[in-house]
Each structure stands twice: as structure tokens, then as C-alpha cells.
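Pasted below: structure07.cif, mmCIF, C-alpha atoms and all ligand atoms.
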```
data_input
#
loop_
_atom_site.label_atom_id
_atom_site.label_comp_id
_atom_site.auth_asym_id
_atom_site.auth_seq_id
_atom_site.Cartn_x
_atom_site.Cartn_y
_atom_site.Cartn_z
CA MET H 1 -18.00 20.94 6.51
CA LYS H 2 -15.50 22.43 4.06
CA LYS H 3 -14.08 19.78 1.75
CA ILE H 4 -10.42 19.65 0.86
CA THR H 5 -8.28 18.08 -1.88
CA ILE H 6 -6.00 15.21 -0.90
CA ALA H 7 -3.05 14.33 -3.15
CA ILE H 8 -1.23 11.04 -2.52
CA ASP H 9 1.91 10.53 -4.60
CA GLY H 10 4.76 8.09 -4.45
CA PHE H 11 6.56 5.09 -5.90
CA SER H 12 4.74 2.20 -7.56
CA SER H 13 3.43 -0.67 -5.41
CA CYS H 14 3.78 1.07 -2.07
CA GLY H 15 0.13 0.73 -1.19
CA LYS H 16 -0.95 4.22 -2.25
CA SER H 17 -4.15 3.06 -3.90
CA THR H 18 -5.34 0.92 -1.00
CA MET H 19 -4.56 3.72 1.40
CA ALA H 20 -6.26 6.36 -0.73
CA LYS H 21 -9.36 4.19 -1.39
CA ASP H 22 -9.82 3.38 2.29
CA LEU H 23 -9.38 7.00 3.33
CA ALA H 24 -11.86 8.23 0.70
CA ARG H 25 -14.45 5.69 1.81
CA GLU H 26 -14.04 6.59 5.45
CA ILE H 27 -14.38 10.33 4.97
CA GLY H 28 -16.99 10.15 2.18
CA TYR H 29 -14.72 11.61 -0.52
CA ILE H 30 -14.43 10.61 -4.19
CA TYR H 31 -11.41 8.44 -4.98
CA ILE H 32 -9.54 8.64 -8.30
CA ASP H 33 -6.71 6.27 -9.23
CA SER H 34 -4.78 8.34 -11.78
CA GLY H 35 -2.42 5.41 -12.52
CA ALA H 36 -5.45 3.44 -13.74
CA MET H 37 -5.96 6.14 -16.38
CA TYR H 38 -2.42 5.72 -17.75
CA ARG H 39 -2.90 1.95 -17.59
CA ALA H 40 -6.16 2.23 -19.57
CA VAL H 41 -4.43 4.27 -22.29
CA THR H 42 -1.69 1.59 -22.38
CA LEU H 43 -4.29 -1.16 -22.75
CA TYR H 44 -5.82 0.80 -25.61
CA CYS H 45 -2.38 0.91 -27.33
CA LEU H 46 -1.92 -2.85 -26.87
CA GLN H 47 -5.43 -3.59 -28.17
CA GLN H 48 -4.92 -1.37 -31.22
CA GLY H 49 -1.47 -2.76 -32.02
CA LEU H 50 0.24 0.60 -31.43
CA PHE H 51 3.30 -1.01 -29.83
CA ASN H 52 6.29 -2.20 -31.77
CA GLU H 53 8.48 -3.92 -29.16
CA LYS H 54 8.80 -1.13 -26.55
CA GLN H 55 8.09 1.72 -28.98
CA VAL H 56 4.66 3.26 -29.30
CA ASP H 57 3.30 4.74 -32.52
CA GLU H 58 3.02 8.30 -31.19
CA GLU H 59 1.38 9.70 -34.28
CA ARG H 60 -1.53 7.25 -34.18
CA LEU H 61 -1.88 7.58 -30.41
CA ALA H 62 -1.93 11.39 -30.62
CA ALA H 63 -4.68 11.17 -33.23
CA ALA H 64 -6.68 8.76 -31.05
CA ILE H 65 -6.24 10.43 -27.66
CA PRO H 66 -9.27 12.76 -27.94
CA THR H 67 -11.47 9.67 -28.46
CA ILE H 68 -10.14 7.79 -25.41
CA GLN H 69 -12.65 8.22 -22.60
CA ILE H 70 -11.77 6.99 -19.14
CA SER H 71 -14.27 6.87 -16.31
CA PHE H 72 -14.80 5.19 -12.96
CA LYS H 73 -17.89 3.47 -11.61
CA LEU H 74 -18.47 1.99 -8.19
CA ASN H 75 -18.54 -1.80 -8.25
CA PRO H 76 -21.23 -2.71 -5.70
CA GLN H 77 -19.68 -6.14 -5.17
CA THR H 78 -16.24 -4.89 -4.16
CA GLY H 79 -17.34 -1.48 -2.89
CA ARG H 80 -14.52 -0.01 -4.97
CA PRO H 81 -14.38 1.89 -8.24
CA ASP H 82 -13.75 0.01 -11.48
CA THR H 83 -12.00 1.62 -14.45
CA TYR H 84 -13.86 1.94 -17.77
CA LEU H 85 -12.23 2.51 -21.15
CA ASN H 86 -14.68 3.87 -23.71
CA GLY H 87 -17.57 2.39 -21.73
CA GLU H 88 -16.01 -1.04 -21.20
CA ASN H 89 -14.97 -2.34 -17.78
CA VAL H 90 -11.19 -2.92 -17.98
CA GLU H 91 -10.41 -3.10 -14.27
CA GLN H 92 -8.91 -6.61 -14.48
CA ARG H 93 -7.15 -6.15 -17.81
CA ILE H 94 -5.22 -3.01 -16.77
CA ARG H 95 -3.57 -4.86 -13.86
CA THR H 96 -1.69 -7.49 -15.90
CA MET H 97 2.11 -7.67 -16.15
CA GLU H 98 1.80 -6.90 -19.86
CA VAL H 99 0.21 -3.53 -19.12
CA SER H 100 2.60 -2.92 -16.18
CA SER H 101 5.63 -3.42 -18.38
CA HIS H 102 4.43 -1.00 -21.09
CA VAL H 103 2.75 1.73 -19.02
CA SER H 104 5.82 3.86 -18.19
CA ILE H 105 6.43 4.46 -21.90
CA VAL H 106 2.89 5.74 -22.42
CA ALA H 107 2.88 7.76 -19.18
CA ALA H 108 6.04 9.57 -20.28
CA LEU H 109 4.42 11.04 -23.42
CA PRO H 110 3.68 14.75 -22.88
CA PHE H 111 0.45 14.75 -24.96
CA VAL H 112 -0.89 11.77 -22.99
CA ARG H 113 -0.10 13.49 -19.68
CA GLU H 114 -1.69 16.71 -20.85
CA ALA H 115 -4.93 14.93 -21.74
CA MET H 116 -5.02 12.93 -18.48
CA VAL H 117 -4.17 15.92 -16.26
CA LYS H 118 -7.02 17.87 -17.87
CA GLN H 119 -9.49 15.06 -17.12
CA GLN H 120 -8.15 14.74 -13.56
CA GLN H 121 -8.48 18.46 -12.84
CA GLU H 122 -12.04 18.33 -14.14
CA MET H 123 -12.83 15.42 -11.78
CA GLY H 124 -11.42 17.35 -8.79
CA LYS H 125 -13.09 20.70 -9.44
CA ALA H 126 -15.55 20.40 -6.58
CA LYS H 127 -12.88 19.21 -4.07
CA GLY H 128 -13.81 16.38 -1.68
CA ILE H 129 -11.43 14.16 -3.63
CA VAL H 130 -8.57 11.80 -2.84
CA MET H 131 -6.39 11.25 -5.91
CA ASP H 132 -3.29 9.09 -6.02
CA GLY H 133 -0.48 9.05 -8.57
CA ARG H 134 2.93 10.51 -9.25
CA ASP H 135 2.32 14.18 -10.04
CA ILE H 136 -0.89 14.96 -8.19
CA GLY H 137 0.67 17.26 -5.56
CA THR H 138 3.11 18.83 -8.02
CA THR H 139 1.16 19.23 -11.28
CA VAL H 140 -2.50 18.19 -11.08
CA PHE H 141 -3.45 19.85 -7.77
CA PRO H 142 -0.51 22.04 -6.69
CA ASP H 143 -2.88 23.79 -4.25
CA ALA H 144 -4.09 20.60 -2.54
CA GLU H 145 -4.51 21.17 1.18
CA LEU H 146 -3.13 17.75 2.11
CA LYS H 147 -0.22 16.23 0.18
CA ILE H 148 1.37 12.94 1.08
CA PHE H 149 4.43 11.35 -0.53
CA VAL H 150 4.60 7.61 0.10
CA THR H 151 7.65 5.42 -0.17
CA ALA H 152 8.96 1.96 0.83
CA SER H 153 12.03 -0.04 -0.18
CA PRO H 154 11.95 -1.69 -3.67
CA GLU H 155 12.29 -5.17 -2.11
CA ILE H 156 9.32 -4.66 0.19
CA ARG H 157 7.23 -3.29 -2.67
CA ALA H 158 8.16 -6.22 -4.94
CA GLN H 159 7.24 -8.67 -2.17
CA ARG H 160 3.83 -7.03 -1.74
CA ARG H 161 3.18 -7.18 -5.49
CA TYR H 162 4.31 -10.83 -5.54
CA ASP H 163 1.96 -11.74 -2.66
CA GLU H 164 -0.91 -9.91 -4.39
CA LEU H 165 -0.45 -11.85 -7.67
CA LYS H 166 -0.08 -15.16 -5.83
CA ALA H 167 -3.25 -14.47 -3.84
CA LYS H 168 -5.08 -13.99 -7.14
CA GLY H 169 -3.71 -17.36 -8.30
CA GLU H 170 -1.50 -15.75 -10.95
CA GLU H 171 2.01 -16.76 -11.97
CA ALA H 172 4.63 -14.59 -10.29
CA ASP H 173 8.40 -14.43 -10.28
CA PHE H 174 9.93 -12.30 -7.52
CA GLU H 175 13.09 -11.33 -9.41
CA SER H 176 11.24 -10.10 -12.50
CA ILE H 177 8.77 -8.17 -10.34
CA LEU H 178 11.66 -6.52 -8.48
CA GLU H 179 13.26 -5.67 -11.79
CA ASN H 180 9.97 -4.15 -13.02
CA VAL H 181 9.59 -2.10 -9.80
CA LYS H 182 13.13 -0.68 -10.14
CA GLN H 183 12.73 0.01 -13.83
CA ARG H 184 9.46 1.88 -13.25
CA ASP H 185 11.04 3.92 -10.42
CA TYR H 186 13.83 4.94 -12.75
CA ILE H 187 11.53 5.92 -15.63
CA ASP H 188 9.05 7.69 -13.31
CA GLN H 189 11.82 9.75 -11.69
CA ASN H 190 13.75 10.55 -14.85
CA ARG H 191 11.13 11.35 -17.47
CA GLU H 192 11.08 14.91 -18.76
CA THR H 193 7.41 15.70 -18.20
CA SER H 194 6.22 15.71 -14.59
CA PRO H 195 8.86 13.39 -13.12
CA LEU H 196 8.03 11.76 -9.82
CA ARG H 197 9.23 13.96 -7.00
CA GLN H 198 8.05 14.98 -3.56
CA ALA H 199 6.30 18.35 -3.54
CA GLU H 200 7.97 20.79 -1.14
CA ASP H 201 4.88 20.94 1.03
CA ALA H 202 4.15 17.17 0.98
CA LEU H 203 4.42 15.03 4.10
CA LEU H 204 6.73 12.02 3.71
CA LEU H 205 5.36 8.62 4.68
CA ASP H 206 7.77 5.66 4.58
CA ASN H 207 5.53 2.66 5.19
CA SER H 208 8.23 -0.05 4.85
CA HIS H 209 7.69 -1.11 8.44
CA LEU H 210 4.20 0.19 9.19
CA THR H 211 1.13 -1.99 9.62
CA ILE H 212 -2.03 -1.05 7.73
CA ALA H 213 -3.59 -0.01 11.06
CA GLU H 214 -0.66 2.27 11.97
CA GLN H 215 -0.76 3.86 8.55
CA LYS H 216 -4.51 4.44 8.79
CA GLU H 217 -4.12 6.07 12.15
CA TRP H 218 -1.42 8.39 10.85
CA LEU H 219 -3.54 9.38 7.84
CA ALA H 220 -6.61 9.98 9.96
CA SER H 221 -4.62 12.24 12.27
CA GLN H 222 -3.37 14.31 9.30
CA PHE H 223 -6.92 14.68 7.98
CA LYS H 224 -8.24 15.68 11.40
CA ARG H 225 -5.43 18.18 11.87
CA LEU H 226 -6.46 20.01 8.69
CA THR H 227 -10.22 19.78 8.81
CA GLY H 228 -10.94 19.45 12.51
CA PHE H 229 -13.15 16.55 11.47
CA ASP H 230 -12.82 14.18 14.38
CA GLU H 231 -15.31 11.48 13.72
CA MET H 232 -14.67 9.04 10.91
CA PRO H 233 -17.92 7.63 9.58
CA ASN H 234 -18.15 3.84 9.47
CA GLU H 235 -16.43 2.75 6.24
CA HIS H 236 -19.37 0.81 4.89
CA LYS H 237 -22.06 3.19 6.11
CA ASN H 238 -22.67 5.15 2.97
CA PRO H 239 -20.89 3.91 -0.17
CA GLU H 240 -23.17 6.12 -2.29
CA THR H 241 -21.20 9.16 -1.14
CA ASN H 242 -18.20 7.72 -2.95
CA PRO H 243 -19.52 6.85 -6.39
CA GLN H 244 -16.26 7.18 -8.31
O1 LIG E 1 0.24 3.63 -9.81
P1 LIG E 1 0.34 2.68 -10.98
O2 LIG E 1 1.46 1.69 -10.85
O3 LIG E 1 -0.95 2.03 -11.31
O4 LIG E 1 0.71 3.63 -12.21
C1 LIG E 1 0.90 3.11 -13.48
C2 LIG E 1 1.95 3.91 -14.23
O5 LIG E 1 1.44 5.21 -14.54
C3 LIG E 1 3.29 4.10 -13.54
O6 LIG E 1 4.34 3.70 -14.39
C4 LIG E 1 3.42 5.57 -13.30
C5 LIG E 1 2.38 6.20 -14.17
N1 LIG E 1 1.67 7.29 -13.51
C6 LIG E 1 2.05 8.56 -13.81
O7 LIG E 1 3.00 8.77 -14.56
N2 LIG E 1 1.38 9.61 -13.27
C7 LIG E 1 0.36 9.40 -12.43
N3 LIG E 1 -0.28 10.45 -11.91
C8 LIG E 1 -0.02 8.09 -12.10
C9 LIG E 1 0.65 7.04 -12.65
#
```
Whole structure given in C-alpha cells:
Amino acid sequence: MKKITIAIDGFSSCGKSTMAKDLAREIGYIYIDSGAMYRAVTLYCLQQGLFNEKQVDEERLAAAIPTIQISFKLNPQTGRPDTYLNGENVEQRIRTMEVSSHVSIVAALPFVREAMVKQQQEMGKAKGIVMDGRDIGTTVFPDAELKIFVTASPEIRAQRRYDELKAKGEEADFESILENVKQRDYIDQNRETSPLRQAEDALLLDNSHLTIAEQKEWLASQFKRLTGFDEMPNEHKNPETNPQ
């Protein structure tokens, strides 16, 4: 069956990654979390002391960017891909509040975006990919056959993020999470290079009041509409087909 490219863009913390991962697993496609790549570059900057307050040393980062290798490997325990920075598993470390509060600055740098977009296009060359992010349908894969733009209210997104942190046993403060969500929305939508916006041919999905099951059903119907592929394989049947 002919494989397509699926681009899922939208605001932070609106469940894009979970949705994209589940879809990829069900249809046997490769999943790439492009946000994890910007987070890994941010972690690199923090580790190397490239931040001074909220400013990043652009000159040193530009010199280092060709040496920053980001890859994904399936974690057999979770059945999901982990992010690697120069060969080291950083999946946990890129999800901290420290990285979250610095990542928009790094993701706004044109030379960082250029390097990441190049790597992402390389990963999607053979199609059969679900990639989520902010500029996938507009910049990375403007010819993607299926483009989805996901949104939900800032309060609902902050609550989800709060619940997620609490479930992991981490400290969480709702007001500061909400502030972080709003701040990231603003930076993502107003940066000069590849600002977050809905591609003209993207389908809008507001999942504020949708259950996971309803959302899955909607996604499956969009995929079937385009590919005619009616039968979703069992999600755990063949994780080897989704090694990324
Ligand atoms: O989806 P996320 O929250 O993990 O993304 C982390 C940051 O990276 C977020 O501030 C937006 C940015 N990002 C981006 O600019 N372009 C992408 N394709 C993906 C993420």
C-alpha cells in the first residue's frame, strides 16, 4: 500500500505527541517528535553553559550545531521512541521544566531551525512517517498528504501538563505551568522564522472536549479517507515496524 506523510502541528501540551505516537504505532509508520529535537539542542546549551539568564551564546551554538546529533531509538520497555543526544539517552532530561522554559529561545534561532528541518526532511524521505511539531505542514513537509492542526484552550493544556507531572511524582504549580503555556504560545506564534500557524490545507482539530477514544476515531477516519486503508493493525502487533 502506498505510504503517505502525516504532519501534526499545533500548540504545546495539546496531546499532539501522544496522538501522533499512537497513530504511528497503529498504522506501522515511523514517528518523529520534532519538539524533542529542539529540546535536545536546549539541553545541550544548558549542559555546555551556553545560557546567560535567558540569552543564549549564539556564536558558540552556531559553531557547535554541526556536531549535535539527534536520533531516536525504540525503547522496548515503553514501546515508544527515546531521544538520543550525541549517543546518550536524554528522554527524561529533555522533559524537565528547566528545558521547557528555555526551549522557545533556542527554537527561534534560524540556524538551529535550518539544521533541524534538514534532519527532519532526511528522516521523512521514504514517507510512511508521522511527525509532530509546529512547522511540519508549513515548512518541513509542505506536500504532506495529511495535515492536522491541533488546538485546545490554554487552561485545559496547563491542567493536562499539571496532571502529567503529578502522576510522575514531580513538583507542579498550576499557575506557573499556565504562564509557561501562554508564554510558549506567544513566542511560537510570533517568532520570525517558521512561526506556528495552521497550513491552509490542514484540518483543524480542537480537542478541548474530546476523549482520547473520540480523537482516535476521528484520526483513523481521516487516514482511511486518504489511503483507503480500512483495517488498523493491532497496536502492539508489530512494534518492529516502528523503530524510530
Ligand atoms: O512540542 P514541544 O513542547 O516538545 O516543543 C518544544 C519547543 O520546540 C516548543 O517551544 C516549540 C518548539 N518547536 C518548534 O519550534 N518547531 C517544531 N517543529 C517543534 C517544536
Discussion item. Given all atoms listed in the file as the basis, pick out the residue of H:Ile148, H:Val181, H:Leu46, H:Ile129 nearest to ligand LIG 1 (chain E).
Written reply: H:Val181
Response to the item:
CA of Val41 (chain H) sits from atom N3 of ligand LIG 1 (chain E) at a separation of 12.8 Å
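Each residue with an atom within 7 Å of any atom of ligand LIG 1 (chain E) appears in the list, which was built counting all atoms listed in the file: H:Ser12, H:Ser13, H:Ser34, H:Gly35, H:Ala36, H:Tyr38, H:Arg39, H:Ser100, H:Val103, H:Ser104, H:Ala107, H:Ala108, H:Asp132, H:Gly133, H:Arg134, H:Asp135, H:Ile136, H:Arg184, H:Asp188.
CA of Ala144 (chain H) is found 13.3 Å from CA of Lys2 (chain H).
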Discussion item. Neighbouring residues of Phe174 (chain H) were defined as those with any atom within 10 Å, considering only C-alpha atoms; residues of the same chain fewer than 6 positions away were excluded. Please report them as a ChimeraX atom specification.
Written reply: /H:155,158-163,180
Closest atom pairs, region 88-180 of chain H residues within 12 Å of region 47-66 of chain H, all atoms listed in the file, as a tab-separated table:
```
residue	atom	partner	partner_atom	distance
H:Val90	CA	H:Gln47	CA	11.7
H:Arg93	CA	H:Gln47	CA	10.8
H:Ile94	CA	H:Gln47	CA	11.4
H:Glu98	CA	H:Lys54	CA	11.3
H:Val99	CA	H:Gln47	CA	10.7
H:Ser101	CA	H:Lys54	CA	9.1
H:His102	CA	H:Lys54	CA	7.0
H:Val103	CA	H:Lys54	CA	10.1
H:Ser104	CA	H:Lys54	CA	10.2
H:Ile105	CA	H:Lys54	CA	7.6
H:Val106	CA	H:Val56	CA	7.5
H:Ala107	CA	H:Val56	CA	11.2
H:Ala108	CA	H:Val56	CA	11.1
H:Leu109	CA	H:Glu58	CA	8.4
H:Pro110	CA	H:Ala62	CA	10.1
H:Phe111	CA	H:Ala62	CA	7.0
H:Val112	CA	H:Ile65	CA	7.2
H:Arg113	CA	H:Ile65	CA	10.5
H:Glu114	CA	H:Ile65	CA	10.3
H:Ala115	CA	H:Ile65	CA	7.6
H:Met116	CA	H:Ile65	CA	9.6
H:Lys118	CA	H:Pro66	CA	11.5
H:Gln119	CA	H:Pro66	CA	11.1
```
May I have the residues from that selection written out with C-alpha atoms, as a CSV table (one decimal), in the coordinates of the input?
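File produced: result.csv:
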```
chain,number,residue,atom,x,y,z
H,90,VAL,CA,-11.2,-2.9,-18.0
H,93,ARG,CA,-7.2,-6.2,-17.8
H,94,ILE,CA,-5.2,-3.0,-16.8
H,98,GLU,CA,1.8,-6.9,-19.9
H,99,VAL,CA,0.2,-3.5,-19.1
H,101,SER,CA,5.6,-3.4,-18.4
H,102,HIS,CA,4.4,-1.0,-21.1
H,103,VAL,CA,2.8,1.7,-19.0
H,104,SER,CA,5.8,3.9,-18.2
H,105,ILE,CA,6.4,4.5,-21.9
H,106,VAL,CA,2.9,5.7,-22.4
H,107,ALA,CA,2.9,7.8,-19.2
H,108,ALA,CA,6.0,9.6,-20.3
H,109,LEU,CA,4.4,11.0,-23.4
H,110,PRO,CA,3.7,14.8,-22.9
H,111,PHE,CA,0.4,14.8,-25.0
H,112,VAL,CA,-0.9,11.8,-23.0
H,113,ARG,CA,-0.1,13.5,-19.7
H,114,GLU,CA,-1.7,16.7,-20.8
H,115,ALA,CA,-4.9,14.9,-21.7
H,116,MET,CA,-5.0,12.9,-18.5
H,118,LYS,CA,-7.0,17.9,-17.9
H,119,GLN,CA,-9.5,15.1,-17.1
```
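The two atoms in question, CA of Gly128 (chain H) and CA of Leu74 (chain H), are spaced 16.5 Å apart.
Distance annotation: of H:Gln120, H:Thr193, H:Gln198, H:Thr83, the residue with the minimal separation from Phe149 (chain H) is H:Gln198; atom set is all atoms listed in the file.
For the residues H:Phe141, H:Glu179, H:Gln121, H:Val130, ranking by smallest atom-to-atom distance to Leu23 (chain H) using all atoms listed in the file places H:Val130 first.
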Worksheet entry | Nearest to His209 (chain H) by atom-to-atom distance, counting only C-alpha atoms, from H:Cys14, H:Thr67, H:Glu88, H:Ile177 | H:Cys14
Worksheet item: From the list H:Gln222, H:Thr78, H:Gln189, H:Ser17, which residue is nearest Lys147 (chain H) when using only C-alpha atoms?
Response: H:Gln222
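With all atoms listed in the file as the atoms that count, the minimum distance from Glu122 (chain H) to the choices H:Ala152, H:Ile32, H:Glu164, H:Leu203 is reached by H:Ile32.
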Discussion item. I'd like the neighbourhood of Ala220 (chain H) as a ChimeraX atom specification, where a residue qualifies if any of its atoms comes within 12 Å (using all atoms listed in the file), though same-chain residues fewer than 4 positions away should be ignored.
Written reply: /H:19-20,22-24,26-27,146,213-216,224-233
Enclose all atoms of region 79-92 of chain H listed in the file in an axis-aligned box, grow every side by 6 Å, and hand back centre and edge lengths in Å to one decimal, as AutoDock Vina command-line options.
```
--center_x -13.2 --center_y -1.4 --center_z -13.3 --size_x 20.7 --size_y 22.5 --size_z 32.8
```
